[in-house]
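Asker: Pasting a structure here, questions to come.
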Amino acid sequence: MKFTLSWLFDHLETDASLEQIVDMLPMVGLEVESLVNPRESFAAFRVAEIVTAEQHPNADRLRVCTVNAGGETLSIVCGAPNARSGLKTVLAPVGAYVPGADITIKAGKIRGETSQGMLCSSAELGISEEADGIIELAADAQTGANFADYAEQIRLSQIDPVIEIAITPNRGDCLGVRGVARDLAAAGMGSLKPLDFSPAVGEGASPVTWHIDDSALALVPAVSGRMFSGVSNGASPAWLADRLTAIGQRPISALVDITNYIMFDLGRPLHAYDGDKIAGNQLTITAASSGQEILALNEKTYITETGMLVIGDEDGPDDIAGVMGGERTGVSDSTTNMFLEIAVFDPVSVATTGRKLNLHSDARYRFERGLDQCGPEQMAGYIARFIQQICGGSFSELTLAGANSYIPKTIAFSLSRTRQLTGVDVPRADQKQILEILGFDVDDRGEESWDVTVPPWRNDIDGSADLVEEIIRIFGFDKLNMTALPRNSVIARPAYSAEQKRVPLLRRLLTSRGITEAVTFSFLKSDDARLFGGVDEGLRLANPISTDLDMMRPSILPNLLQAISRNNNRGIDNISLFEIGPVFLSPDETGQRICVSGIRQGNIRSADWRQKAEPVTAFDSKADILAALALIGVSVDNLVVSRDAPDWMHPGRSGRLKLGKMDMGYFGELHPAILMHYDLKSPIVGFEFWLDTIPLARNKGPMKPLLNLSAFQPVSRDFAFIVDEQVEAQALVQSVRKAARDVVTDVQVFDIYQGSNIEAGKKSVALTATLQPKSATFTEDELKAISDTIISTVAKNNGGEIRGG
């Protein structure tokens with residue numbers, strides 16, 4: 001939101017300086033993003049008077065001027081045709097930088113005559129394009145005065161400081177200069193100047209009226225209109241054009257400029273129709289049908305979708321309500337009859353339409369933040385007089401439509417609430433004064449309680465806490481008491497809990513495994529969500545930032561697949577990504593989970609002169625998820641792998657990890673149909689688990705357990721079991737561990753064989769068991785006993801028998 005200092009002074013009666021205003025704006029919650037102060041460029045320039053202007057002896061078009069610069073007399077050669085005795089103008093002394101000419105003034109001689117400065121035109125100062133002569137100042141301008149001070153004194157618009165502030169989404173009321181002035185007035189920077197919002201008496205009924213179709217009635221709280229006849233749509237007055245130019249708006253014509261000016265001045269978007277171009281005597285607001293074409297004012301054609309709010313006449317729709325007007329009925333230089341629209345449209349409808357059409361405008365920016373529902377009627381008189389003052393002509397009576405169902409919101413407010421929420425004692429009188437200056441109506445119904453009526457332009461105020469926020473931001477956040485938290489222990493405690501430490505530790509681990517962290521949106525296209533667990537309508541966004549991001553994500557994998565696809569399209573292969581973030585399984589309070597997802601694509605190892613390239617496999621993703629689970633305290637040796645991975649994983653090349661009945665995540669290759677959907681080539685493997693469903697490791701005390709290493713050498717024993725082919729190798733590993741859990745430290749599968757010498761329907765699984773003695777080296781009898789126990793346990797649990805036994 002941009003505005004000039006003099007524009008602000010139209011609404012704010014104040015003696016405050018620019019610096020004081022700029023310092024106060026952030027204190028009331030309006031962050032200053034930039035300040036452009038042209039007067040700083042003119043600090044070296046002075047007001048000077050030409051005492052004499054004699055013809056240059058050696059040049060026909062030059063004059064030698066004797067100039068009074070206030071305390072010194074200078075000789076300056078000037079070529080301006082209006083240089084004359086008695087003229088007061090602007091002097092750039094030696095050493096001054098002239099921005100319009102991009103030169104620094106030096107003393108010298110011009111055609112043999114001494115020149116000790118430069119008398120400047122508006123173009124040379126960079127304040128306008130006027131270059132035919134030097135600037136002519138008022139006769140009462142003080143000779144020798146600093147030109148920047150003089151320009152500020154007469155409020156010269158061309159050197160008006162321009163302030164840009166950031167507006168939070170809830171402060172749509174400050175998208176107009178008057179709203180900013182209101183906040184500053186409440187903060188003690190002056191007083192808000194009154195404006196005449198009284199009704200304007202028109203001449204007869206408007207020849208054009210409104211009709212709101214039933215399909216749009218709920219989306220149009222209020223709309224007003226008024227016909228202006230005999231107007232002159234020429235160039236805007238210089239002051240108005242200068243202000244619009246200063247904030248980056250291009251002046252077009254008086255009627256168009258007025259609608260833009262009112263939008264930035266009062267925060268009220270308007271739209272002007274050429275009354276002679278409206279077919280029929282009625283404008284209809286309705287929900288559009290799919291496929292209707294509208295040529296907008298930006299000379300682009302937009303195709304409507306069903307439900308978009310549009311405005312049209314007998315010839316069809318021509319305006320995209322709240323977003324942009326249409327070219328067919330727009331005003332032009334020849335317009336003499338103008339119908340003015342002042343409306344309030346549903347914010348969500350306007351935002352949805354704008355996003356679907358990818359159409360941005362200053363009007364949409366204001367409509368989608370909510371407008372004063374009383375504005376179409378209450379501001380109509382002021383706006384009518386403003387237009388008539390500039391464009392002349394006459395205007396009709398006001399025509400109104402819409403539900404007009406605005407009911408002022410009243411909040412019961414206890415004065416002690418401010419102290420309770422902020423810890424600041426704000427005097428009773430100050431609280432009341434702040435609220436009243438901000439536009440709230442305070443009904444004093446007791447010593448400690450009020451009924452506070454919210455002004456219609458503050459649709460962000462819902463309860464007493466909001467009133468406290470208004471009071472304290474104006475009273476001053478700097479008055480909040482700085483109170484140190486009590487320290488109950490001399491020894492500092494950890495800043496992170498064990499649960500909080502898991503996320504940064506996982507980030508460090510996965511990064512160390514060569515996986516790059518990604519951060520993606522928490523929503524995705526509903527078609528993608530359907531591939532990863534279905535679409536719950538309760539998770540569909542009512543107001544998505546894009547039509548391709550309309551559903552909360554049930555998994556992070558689709559977002560990572562899209563990231564890989566974008567990188568592949570740019571020639572980047574062999575990508576590994578992970579993300580730790582929220583996923584959404586249902587709309588209820590337990591449906592949100594913190595998910596850890598990782599994905600690898602291409603080769604895990606590149607080819608070189610020693611070895612071939614090694615593509616990623618399901619076991620790479622298994623290693624990733626096991627390392628992550630081990631880090632957060634899961635006993636990975638007790639995990640069991642099952643084949644019931646989700647449908648989006650490759651059947652037979654993926655698995656699910658379980659600890660007892662607890663689901664610990666899944667891993668493996670992505671399904672070929674999923675890769676085809678994202679136009680990706682295999683192999684791509686991934687893993688995913690929900691962090692917040694995995695319990696914290698049991699705390700066995702503040703100290704780490706004593707590391708007790710055996711002094712004796714471990715012993716390895718190989719076993720080859722014949723089992724049914726449906727028996728999983730993991731089941732054998734579990735049986736071996738269970739058979740001699742006190743001495744078995746590791747079990748590894750090193751071979752699985754089916755073929756000759758193996759009965760049909762059977763397979764051979766070979767394992768190596770590592771046995772660790774603790775008090776003495778194993779004897780042969782002890783090793784035989786351990787081996788017999790392992791063989792009998794596998795036979796009992798898995799029906800296995802020793803191969804060749």
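By convention here, the chains of the structure tokens are called A, B, ... in the order presented, each chain's residues are numbered starting at 1, and ligands are numbered starting at 1 in the order presented.
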Give me the residues within 9 Å of Tyr261 in chain A as an mmCIF file with N, CA, C and O atoms, in the first residue's frame, counting only C-alpha atoms and dropping any in the same chain fewer than 6 places off.

Answerer:
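And here is the file that came out, result33.cif:
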data_model
loop_
_atom_site.group_PDB
_atom_site.id
_atom_site.type_symbol
_atom_site.label_atom_id
_atom_site.label_comp_id
_atom_site.auth_asym_id
_atom_site.auth_seq_id
_atom_site.Cartn_x
_atom_site.Cartn_y
_atom_site.Cartn_z
ATOM 1 N N LEU A 240 -4.343 15.352 -8.840
ATOM 2 C CA LEU A 240 -4.815 13.973 -8.803
ATOM 3 C C LEU A 240 -3.892 13.077 -9.627
ATOM 4 O O LEU A 240 -3.499 11.989 -9.187
ATOM 5 N N ARG A 243 -0.581 12.460 -7.818
ATOM 6 C CA ARG A 243 -0.654 11.494 -6.722
ATOM 7 C C ARG A 243 -0.695 10.064 -7.243
ATOM 8 O O ARG A 243 -0.040 9.168 -6.703
ATOM 9 N N LEU A 244 -1.490 9.836 -8.268
ATOM 10 C CA LEU A 244 -1.554 8.494 -8.832
ATOM 11 C C LEU A 244 -0.201 8.088 -9.415
ATOM 12 O O LEU A 244 0.243 6.941 -9.247
#

Asker: Show me, as a PDB file with C-alpha atoms, in the first residue's frame, the residues that have an atom within 12 Å of Glu19 in chain A when counting only C-alpha atoms, minus same-chain residues fewer than 2 positions from it.

Answerer:
ATOM      1  CA  LEU A   5       2.773  12.417   2.731  1.00  0.00           C
ATOM      2  CA  ASP A  15       2.172  18.774  13.169  1.00  0.00           C
ATOM      3  CA  ALA A  16       4.185  15.534  13.117  1.00  0.00           C
ATOM      4  CA  SER A  17       7.228  15.308  10.870  1.00  0.00           C
ATOM      5  CA  ILE A  21       5.127   9.351  11.164  1.00  0.00           C
ATOM      6  CA  VAL A  22       7.451   6.732   9.698  1.00  0.00           C
ATOM      7  CA  ASP A  23       8.574   5.739  13.200  1.00  0.00           C
ATOM      8  CA  MET A  24       4.983   5.449  14.445  1.00  0.00           C
ATOM      9  CA  LEU A  25       3.594   3.319  11.608  1.00  0.00           C
ATOM     10  CA  VAL A  32       7.093   0.447   6.547  1.00  0.00           C
ATOM     11  CA  LEU A  35      10.334   5.409   1.985  1.00  0.00           C
ATOM     12  CA  ASN A  37      11.833  11.078  -0.182  1.00  0.00           C
ATOM     13  CA  PRO A 161       7.622  11.676   0.032  1.00  0.00           C
ATOM     14  CA  ILE A 163       5.566   5.785   1.911  1.00  0.00           C
ATOM     15  CA  MET A 189      -0.198  11.721  15.929  1.00  0.00           C
TER      16      MET A 189
END

Asker: Using only C-alpha atoms, which residues of range 684-743 of chain A come within 9 Å of range 555-575 of chain A, and what is the closest atom pair for each, with the distance in Å to one decimal? Give it as JSON lines, sorted by chain and residue number.

Answerer:
{"residue": "A:Gly686", "atom": "CA", "partner": "A:Leu557", "partner_atom": "CA", "distance": 7.8}
{"residue": "A:Phe687", "atom": "CA", "partner": "A:Leu557", "partner_atom": "CA", "distance": 8.4}
{"residue": "A:Glu688", "atom": "CA", "partner": "A:Leu557", "partner_atom": "CA", "distance": 7.9}

Asker: Store the residues picked out above, limited to N, CA and C atoms, as a PDB file, in the first residue's frame.

Answerer:
ATOM      1  N   GLY A 686      11.550 -45.756  -2.320  1.00  0.00           N
ATOM      2  CA  GLY A 686      11.249 -44.788  -1.273  1.00  0.00           C
ATOM      3  C   GLY A 686      10.843 -45.462   0.011  1.00  0.00           C
ATOM      4  N   PHE A 687      10.689 -44.652   1.026  1.00  0.00           N
ATOM      5  CA  PHE A 687      10.217 -45.143   2.321  1.00  0.00           C
ATOM      6  C   PHE A 687       9.379 -44.051   2.963  1.00  0.00           C
ATOM      7  N   GLU A 688       8.599 -44.443   3.957  1.00  0.00           N
ATOM      8  CA  GLU A 688       7.771 -43.471   4.667  1.00  0.00           C
ATOM      9  C   GLU A 688       7.340 -44.075   5.999  1.00  0.00           C
TER      10      GLU A 688
END

Asker: Find the residues near range 211-214 of chain A: any atom within 7 Å, counting only C-alpha atoms, skip ones fewer than 6 places away on the same chain, and give them as JSON, numbers by chain.

Answerer: {"A": [282, 283, 284, 285, 286]}

Asker: Find the spatial neighbours of range 128-134 of chain A, counting only C-alpha atoms, within a cut-off of 7 Å - ignore same-chain residues fewer than 2 positions away - and output them as a list of chain:residue names.

Answerer: A:Ala80, A:Pro81, A:Asn82, A:Thr89, A:Leu119, A:Cys120, A:Ser121, A:Ser122, A:Ala123, A:Gly126, A:Glu136

Asker: Would you output that residue set with N, CA, C and O atoms, as an mmCIF file, in the first residue's frame?

Answerer:
data_model
loop_
_atom_site.group_PDB
_atom_site.id
_atom_site.type_symbol
_atom_site.label_atom_id
_atom_site.label_comp_id
_atom_site.auth_asym_id
_atom_site.auth_seq_id
_atom_site.Cartn_x
_atom_site.Cartn_y
_atom_site.Cartn_z
ATOM 1 N N ALA A 80 17.726 29.736 -20.838
ATOM 2 C CA ALA A 80 16.265 29.629 -20.784
ATOM 3 C C ALA A 80 15.622 30.881 -21.356
ATOM 4 O O ALA A 80 16.048 32.006 -21.048
ATOM 5 N N PRO A 81 14.584 30.737 -22.183
ATOM 6 C CA PRO A 81 13.948 31.916 -22.786
ATOM 7 C C PRO A 81 13.227 32.797 -21.768
ATOM 8 O O PRO A 81 12.992 33.971 -22.035
ATOM 9 N N ASN A 82 12.859 32.194 -20.584
ATOM 10 C CA ASN A 82 12.109 32.988 -19.599
ATOM 11 C C ASN A 82 13.007 33.574 -18.515
ATOM 12 O O ASN A 82 12.518 34.107 -17.521
ATOM 13 N N THR A 89 13.721 31.668 -8.913
ATOM 14 C CA THR A 89 13.834 30.333 -9.506
ATOM 15 C C THR A 89 14.693 29.448 -8.608
ATOM 16 O O THR A 89 14.994 29.806 -7.460
ATOM 17 N N LEU A 119 20.793 27.554 -13.265
ATOM 18 C CA LEU A 119 19.380 27.813 -12.994
ATOM 19 C C LEU A 119 18.585 26.689 -13.656
ATOM 20 O O LEU A 119 18.754 26.421 -14.848
ATOM 21 N N CYS A 120 17.718 26.028 -12.891
ATOM 22 C CA CYS A 120 17.185 24.716 -13.303
ATOM 23 C C CYS A 120 15.750 24.767 -13.804
ATOM 24 O O CYS A 120 14.921 25.537 -13.300
ATOM 25 N N SER A 121 15.468 23.896 -14.775
ATOM 26 C CA SER A 121 14.099 23.642 -15.222
ATOM 27 C C SER A 121 13.527 22.477 -14.423
ATOM 28 O O SER A 121 14.252 21.765 -13.705
ATOM 29 N N SER A 122 12.221 22.244 -14.553
ATOM 30 C CA SER A 122 11.585 21.121 -13.855
ATOM 31 C C SER A 122 12.147 19.790 -14.337
ATOM 32 O O SER A 122 12.344 18.862 -13.548
ATOM 33 N N ALA A 123 12.431 19.706 -15.642
ATOM 34 C CA ALA A 123 12.964 18.457 -16.173
ATOM 35 C C ALA A 123 14.351 18.184 -15.612
ATOM 36 O O ALA A 123 14.712 17.030 -15.337
ATOM 37 N N GLY A 126 14.079 16.731 -12.385
ATOM 38 C CA GLY A 126 13.457 15.417 -12.412
ATOM 39 C C GLY A 126 12.082 15.373 -11.804
ATOM 40 O O GLY A 126 11.576 14.304 -11.453
ATOM 41 N N GLU A 136 9.672 28.804 -12.419
ATOM 42 C CA GLU A 136 9.258 30.109 -11.921
ATOM 43 C C GLU A 136 8.557 29.925 -10.577
ATOM 44 O O GLU A 136 7.499 29.290 -10.497
#

Asker: Determine which residues of range 337-453 of chain A DSSP labels as alpha helix (DSSP H) from the backbone of this structure, then write them out as a tab-separated table (two decimals) with N, CA, C and O atoms, in the first residue's frame.

Answerer:
chain	number	residue	atom	x	y	z
A	347	PRO	N	-16.01	-12.28	-0.31
A	347	PRO	CA	-14.55	-12.34	-0.47
A	347	PRO	C	-14.05	-13.66	-1.04
A	347	PRO	O	-13.16	-13.68	-1.88
A	348	VAL	N	-14.63	-14.78	-0.58
A	348	VAL	CA	-14.17	-16.08	-1.05
A	348	VAL	C	-14.49	-16.27	-2.53
A	348	VAL	O	-13.67	-16.79	-3.30
A	349	SER	N	-15.67	-15.80	-2.95
A	349	SER	CA	-16.04	-15.90	-4.36
A	349	SER	C	-15.08	-15.11	-5.23
A	349	SER	O	-14.62	-15.59	-6.28
A	350	VAL	N	-14.74	-13.90	-4.82
A	350	VAL	CA	-13.82	-13.06	-5.60
A	350	VAL	C	-12.44	-13.70	-5.66
A	350	VAL	O	-11.82	-13.77	-6.73
A	351	ALA	N	-11.95	-14.19	-4.51
A	351	ALA	CA	-10.62	-14.80	-4.48
A	351	ALA	C	-10.57	-16.05	-5.35
A	351	ALA	O	-9.61	-16.27	-6.09
A	352	THR	N	-11.61	-16.87	-5.27
A	352	THR	CA	-11.64	-18.11	-6.06
A	352	THR	C	-11.65	-17.81	-7.55
A	352	THR	O	-10.91	-18.42	-8.34
A	353	THR	N	-12.48	-16.85	-7.95
A	353	THR	CA	-12.54	-16.47	-9.37
A	353	THR	C	-11.19	-15.94	-9.85
A	353	THR	O	-10.70	-16.32	-10.91
A	354	GLY	N	-10.59	-15.04	-9.07
A	354	GLY	CA	-9.31	-14.47	-9.47
A	354	GLY	C	-8.23	-15.51	-9.63
A	354	GLY	O	-7.42	-15.45	-10.56
A	355	ARG	N	-8.21	-16.49	-8.73
A	355	ARG	CA	-7.17	-17.51	-8.82
A	355	ARG	C	-7.40	-18.45	-9.99
A	355	ARG	O	-6.46	-18.86	-10.66
A	356	LYS	N	-8.64	-18.80	-10.23
A	356	LYS	CA	-8.92	-19.68	-11.35
A	356	LYS	C	-8.56	-19.02	-12.68
A	356	LYS	O	-8.08	-19.68	-13.61
A	357	LEU	N	-8.78	-17.72	-12.77
A	357	LEU	CA	-8.49	-17.00	-14.00
A	357	LEU	C	-7.06	-16.46	-14.03
A	357	LEU	O	-6.63	-15.89	-15.04
A	362	ASP	N	-5.94	-4.52	-8.20
A	362	ASP	CA	-6.03	-3.84	-6.92
A	362	ASP	C	-7.42	-3.99	-6.32
A	362	ASP	O	-7.58	-4.04	-5.10
A	363	ALA	N	-8.44	-4.02	-7.18
A	363	ALA	CA	-9.81	-4.20	-6.68
A	363	ALA	C	-9.97	-5.57	-6.03
A	363	ALA	O	-10.51	-5.70	-4.93
A	364	ARG	N	-9.51	-6.61	-6.72
A	364	ARG	CA	-9.61	-7.97	-6.15
A	364	ARG	C	-8.89	-8.03	-4.81
A	364	ARG	O	-9.39	-8.64	-3.86
A	365	TYR	N	-7.72	-7.41	-4.72
A	365	TYR	CA	-6.93	-7.43	-3.49
A	365	TYR	C	-7.74	-6.90	-2.31
A	365	TYR	O	-7.60	-7.39	-1.19
A	366	ARG	N	-8.59	-5.92	-2.56
A	366	ARG	CA	-9.40	-5.34	-1.50
A	366	ARG	C	-10.68	-6.14	-1.26
A	366	ARG	O	-11.08	-6.35	-0.12
A	367	PHE	N	-11.34	-6.56	-2.34
A	367	PHE	CA	-12.58	-7.32	-2.17
A	367	PHE	C	-12.35	-8.61	-1.40
A	367	PHE	O	-13.15	-8.99	-0.55
A	375	GLY	N	-20.73	0.68	2.99
A	375	GLY	CA	-20.09	1.62	2.09
A	375	GLY	C	-20.88	1.96	0.84
A	375	GLY	O	-20.93	3.13	0.44
A	376	PRO	N	-21.52	0.99	0.16
A	376	PRO	CA	-22.23	1.33	-1.07
A	376	PRO	C	-23.29	2.41	-0.90
A	376	PRO	O	-23.58	3.14	-1.86
A	377	GLU	N	-23.85	2.53	0.28
A	377	GLU	CA	-24.85	3.57	0.51
A	377	GLU	C	-24.24	4.78	1.22
A	377	GLU	O	-24.48	5.92	0.84
A	378	GLN	N	-23.41	4.53	2.24
A	378	GLN	CA	-22.90	5.63	3.05
A	378	GLN	C	-21.88	6.49	2.32
A	378	GLN	O	-21.78	7.70	2.56
A	380	ALA	N	-21.73	6.88	-1.00
A	380	ALA	CA	-22.22	7.29	-2.32
A	380	ALA	C	-22.31	8.80	-2.47
A	380	ALA	O	-22.00	9.35	-3.53
A	381	GLY	N	-22.76	9.50	-1.43
A	381	GLY	CA	-22.90	10.95	-1.51
A	381	GLY	C	-21.57	11.65	-1.67
A	381	GLY	O	-21.41	12.54	-2.52
A	382	TYR	N	-20.59	11.26	-0.87
A	382	TYR	CA	-19.26	11.86	-0.95
A	382	TYR	C	-18.66	11.64	-2.34
A	382	TYR	O	-18.11	12.56	-2.95
A	383	ILE	N	-18.78	10.42	-2.84
A	383	ILE	CA	-18.19	10.09	-4.14
A	383	ILE	C	-18.90	10.85	-5.26
A	383	ILE	O	-18.26	11.34	-6.21
A	384	ALA	N	-20.21	11.00	-5.18
A	384	ALA	CA	-20.96	11.72	-6.21
A	384	ALA	C	-20.51	13.18	-6.29
A	384	ALA	O	-20.30	13.73	-7.38
A	385	ARG	N	-20.35	13.82	-5.14
A	385	ARG	CA	-19.91	15.22	-5.13
A	385	ARG	C	-18.47	15.34	-5.65
A	385	ARG	O	-18.12	16.31	-6.32
A	386	PHE	N	-17.64	14.36	-5.31
A	386	PHE	CA	-16.25	14.36	-5.76
A	386	PHE	C	-16.19	14.30	-7.30
A	386	PHE	O	-15.45	15.05	-7.93
A	387	ILE	N	-16.98	13.39	-7.89
A	387	ILE	CA	-16.99	13.26	-9.35
A	387	ILE	C	-17.54	14.53	-10.00
A	387	ILE	O	-16.99	15.02	-10.99
A	388	GLN	N	-18.60	15.07	-9.44
A	388	GLN	CA	-19.21	16.27	-10.03
A	388	GLN	C	-18.25	17.46	-9.97
A	388	GLN	O	-18.19	18.27	-10.91
A	389	GLN	N	-17.49	17.55	-8.90
A	389	GLN	CA	-16.54	18.66	-8.76
A	389	GLN	C	-15.48	18.63	-9.85
A	389	GLN	O	-15.04	19.69	-10.34
A	390	ILE	N	-15.08	17.45	-10.29
A	390	ILE	CA	-14.02	17.32	-11.29
A	390	ILE	C	-14.57	17.23	-12.71
A	390	ILE	O	-14.04	17.84	-13.64
A	391	CYS	N	-15.64	16.47	-12.89
A	391	CYS	CA	-16.14	16.19	-14.24
A	391	CYS	C	-17.40	16.95	-14.59
A	391	CYS	O	-17.88	16.88	-15.74
A	416	SER	N	-10.86	-5.05	32.70
A	416	SER	CA	-9.77	-5.81	33.31
A	416	SER	C	-9.16	-6.80	32.33
A	416	SER	O	-8.08	-7.34	32.55
A	417	ARG	N	-9.86	-7.04	31.22
A	417	ARG	CA	-9.38	-7.99	30.22
A	417	ARG	C	-8.05	-7.54	29.63
A	417	ARG	O	-7.19	-8.36	29.32
A	418	THR	N	-7.86	-6.25	29.47
A	418	THR	CA	-6.61	-5.73	28.92
A	418	THR	C	-5.43	-6.09	29.81
A	418	THR	O	-4.39	-6.54	29.34
A	419	ARG	N	-5.61	-5.91	31.11
A	419	ARG	CA	-4.56	-6.26	32.06
A	419	ARG	C	-4.31	-7.76	32.08
A	419	ARG	O	-3.17	-8.21	32.13
A	420	GLN	N	-5.37	-8.55	32.01
A	420	GLN	CA	-5.23	-10.01	32.06
A	420	GLN	C	-4.41	-10.54	30.89
A	420	GLN	O	-3.58	-11.44	31.05
A	421	LEU	N	-4.62	-9.99	29.70
A	421	LEU	CA	-3.97	-10.53	28.50
A	421	LEU	C	-2.62	-9.90	28.20
A	421	LEU	O	-1.81	-10.50	27.49
A	422	THR	N	-2.37	-8.70	28.69
A	422	THR	CA	-1.12	-8.02	28.33
A	422	THR	C	-0.21	-7.72	29.51
A	422	THR	O	0.98	-7.48	29.31
A	428	ARG	N	-8.44	3.75	32.05
A	428	ARG	CA	-9.79	3.59	31.51
A	428	ARG	C	-10.07	4.60	30.41
A	428	ARG	O	-10.61	4.27	29.34
A	429	ALA	N	-9.69	5.85	30.65
A	429	ALA	CA	-9.94	6.90	29.66
A	429	ALA	C	-9.18	6.65	28.36
A	429	ALA	O	-9.70	6.91	27.27
A	430	ASP	N	-7.96	6.13	28.50
A	430	ASP	CA	-7.17	5.85	27.29
A	430	ASP	C	-7.78	4.72	26.47
A	430	ASP	O	-7.81	4.78	25.24
A	431	GLN	N	-8.26	3.69	27.16
A	431	GLN	CA	-8.89	2.58	26.44
A	431	GLN	C	-10.10	3.07	25.65
A	431	GLN	O	-10.28	2.72	24.48
A	432	LYS	N	-10.91	3.88	26.29
A	432	LYS	CA	-12.12	4.37	25.63
A	432	LYS	C	-11.76	5.29	24.46
A	432	LYS	O	-12.35	5.19	23.36
A	433	GLN	N	-10.79	6.17	24.68
A	433	GLN	CA	-10.41	7.10	23.62
A	433	GLN	C	-9.85	6.36	22.41
A	433	GLN	O	-10.18	6.68	21.25
A	434	ILE	N	-9.02	5.35	22.64
A	434	ILE	CA	-8.43	4.58	21.53
A	434	ILE	C	-9.53	3.92	20.71
A	434	ILE	O	-9.55	4.02	19.48
A	435	LEU	N	-10.44	3.25	21.38
A	435	LEU	CA	-11.50	2.55	20.66
A	435	LEU	C	-12.39	3.51	19.89
A	435	LEU	O	-12.77	3.25	18.74
A	436	GLU	N	-12.70	4.65	20.48
A	436	GLU	CA	-13.60	5.59	19.80
A	436	GLU	C	-12.93	6.23	18.60
A	436	GLU	O	-13.58	6.42	17.55
A	437	ILE	N	-11.65	6.57	18.69
A	437	ILE	CA	-10.97	7.14	17.54
A	437	ILE	C	-10.86	6.12	16.42
A	437	ILE	O	-10.95	6.47	15.23

Asker: Using only C-alpha atoms for the distances, tell me which of A:Ala769, A:Val733, A:Ala187, A:Ile604 is nearest to Ile471 in chain A.

Answerer: A:Ala187

Asker: Looking at only C-alpha atoms, which of A:Leu438, A:Val490, A:Ala141, A:Val723 is the one that sits closest to Asn797 in chain A?

Answerer: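 Among the listed residues, A:Val723 lies closest to Asn797 in chain A.
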
Asker: Considering only strand (DSSP E or B) as DSSP defines it on the backbone, what residues of range 151-270 of chain A qualify? List them as a short mmCIF file (atom, residue, chain, number, x, y, z; two decimals) with N, CA and C atoms, in the first residue's frame.

Answerer:
data_model
loop_
_atom_site.label_atom_id
_atom_site.label_comp_id
_atom_site.auth_asym_id
_atom_site.auth_seq_id
_atom_site.Cartn_x
_atom_site.Cartn_y
_atom_site.Cartn_z
N VAL A 162 7.00 9.43 -0.65
CA VAL A 162 6.12 8.29 -0.89
C VAL A 162 6.44 7.21 0.13
N ILE A 163 5.42 6.80 0.87
CA ILE A 163 5.57 5.79 1.91
C ILE A 163 4.87 4.51 1.43
N GLU A 164 5.55 3.38 1.57
CA GLU A 164 4.92 2.09 1.26
C GLU A 164 4.89 1.25 2.52
N ILE A 165 3.70 0.72 2.86
CA ILE A 165 3.54 -0.09 4.06
C ILE A 165 3.04 -1.48 3.68
N ALA A 166 3.36 -2.45 4.53
CA ALA A 166 2.87 -3.82 4.36
C ALA A 166 1.57 -3.97 5.15
N SER A 191 -5.27 14.40 14.61
CA SER A 191 -6.70 14.09 14.62
C SER A 191 -7.17 13.78 13.21
N LEU A 192 -8.19 12.93 13.11
CA LEU A 192 -8.74 12.53 11.83
C LEU A 192 -9.66 13.64 11.32
N THR A 209 -30.86 0.29 -13.42
CA THR A 209 -31.05 -0.28 -12.09
C THR A 209 -30.33 -1.62 -11.98
N TRP A 210 -30.34 -2.18 -10.77
CA TRP A 210 -29.67 -3.45 -10.50
C TRP A 210 -30.68 -4.59 -10.42
N HIS A 211 -30.23 -5.77 -10.84
CA HIS A 211 -30.98 -7.00 -10.59
C HIS A 211 -29.97 -8.06 -10.16
N ILE A 212 -30.24 -8.69 -9.02
CA ILE A 212 -29.35 -9.75 -8.54
C ILE A 212 -30.08 -11.07 -8.70
N ALA A 222 -24.45 -6.11 -0.77
CA ALA A 222 -24.95 -4.77 -1.08
C ALA A 222 -24.30 -4.24 -2.35
N VAL A 223 -25.08 -3.52 -3.16
CA VAL A 223 -24.56 -2.86 -4.34
C VAL A 223 -25.40 -1.62 -4.59
N SER A 224 -24.74 -0.53 -4.97
CA SER A 224 -25.46 0.70 -5.30
C SER A 224 -24.98 1.19 -6.65
N GLY A 225 -25.79 2.04 -7.25
CA GLY A 225 -25.44 2.61 -8.54
C GLY A 225 -26.05 3.99 -8.71
N ARG A 226 -25.46 4.77 -9.58
CA ARG A 226 -25.96 6.13 -9.81
C ARG A 226 -25.52 6.58 -11.19
N MET A 227 -26.43 7.17 -11.95
CA MET A 227 -26.11 7.65 -13.29
C MET A 227 -25.65 9.10 -13.22
N PHE A 228 -24.52 9.38 -13.88
CA PHE A 228 -23.99 10.73 -14.01
C PHE A 228 -24.17 11.16 -15.46
N SER A 229 -24.80 12.31 -15.67
CA SER A 229 -25.10 12.78 -17.02
C SER A 229 -24.34 14.07 -17.33
#

Asker: Each residue of range 105-184 of chain A lying at most 7 Å from range 38-55 of chain A should get a row with its shortest atom-to-atom pair and the distance in Å to one decimal, counting only C-alpha atoms; could you produce that, ordered by chain and increasing number, as a Markdown table?

Answerer:
| residue | atom | partner | partner_atom | distance |
| --- | --- | --- | --- | --- |
| A:Gln142 | CA | A:Val47 | CA | 6.8 |
| A:Thr143 | CA | A:Ala48 | CA | 5.2 |
| A:Gly144 | CA | A:Val47 | CA | 5.1 |
| A:Ala145 | CA | A:Val47 | CA | 5.3 |
| A:Asn146 | CA | A:Arg46 | CA | 4.6 |
| A:Phe147 | CA | A:Arg46 | CA | 4.7 |
| A:Ala148 | CA | A:Arg39 | CA | 5.2 |
| A:Ile159 | CA | A:Pro38 | CA | 5.0 |
| A:Asp160 | CA | A:Pro38 | CA | 6.8 |
| A:Pro161 | CA | A:Pro38 | CA | 6.2 |
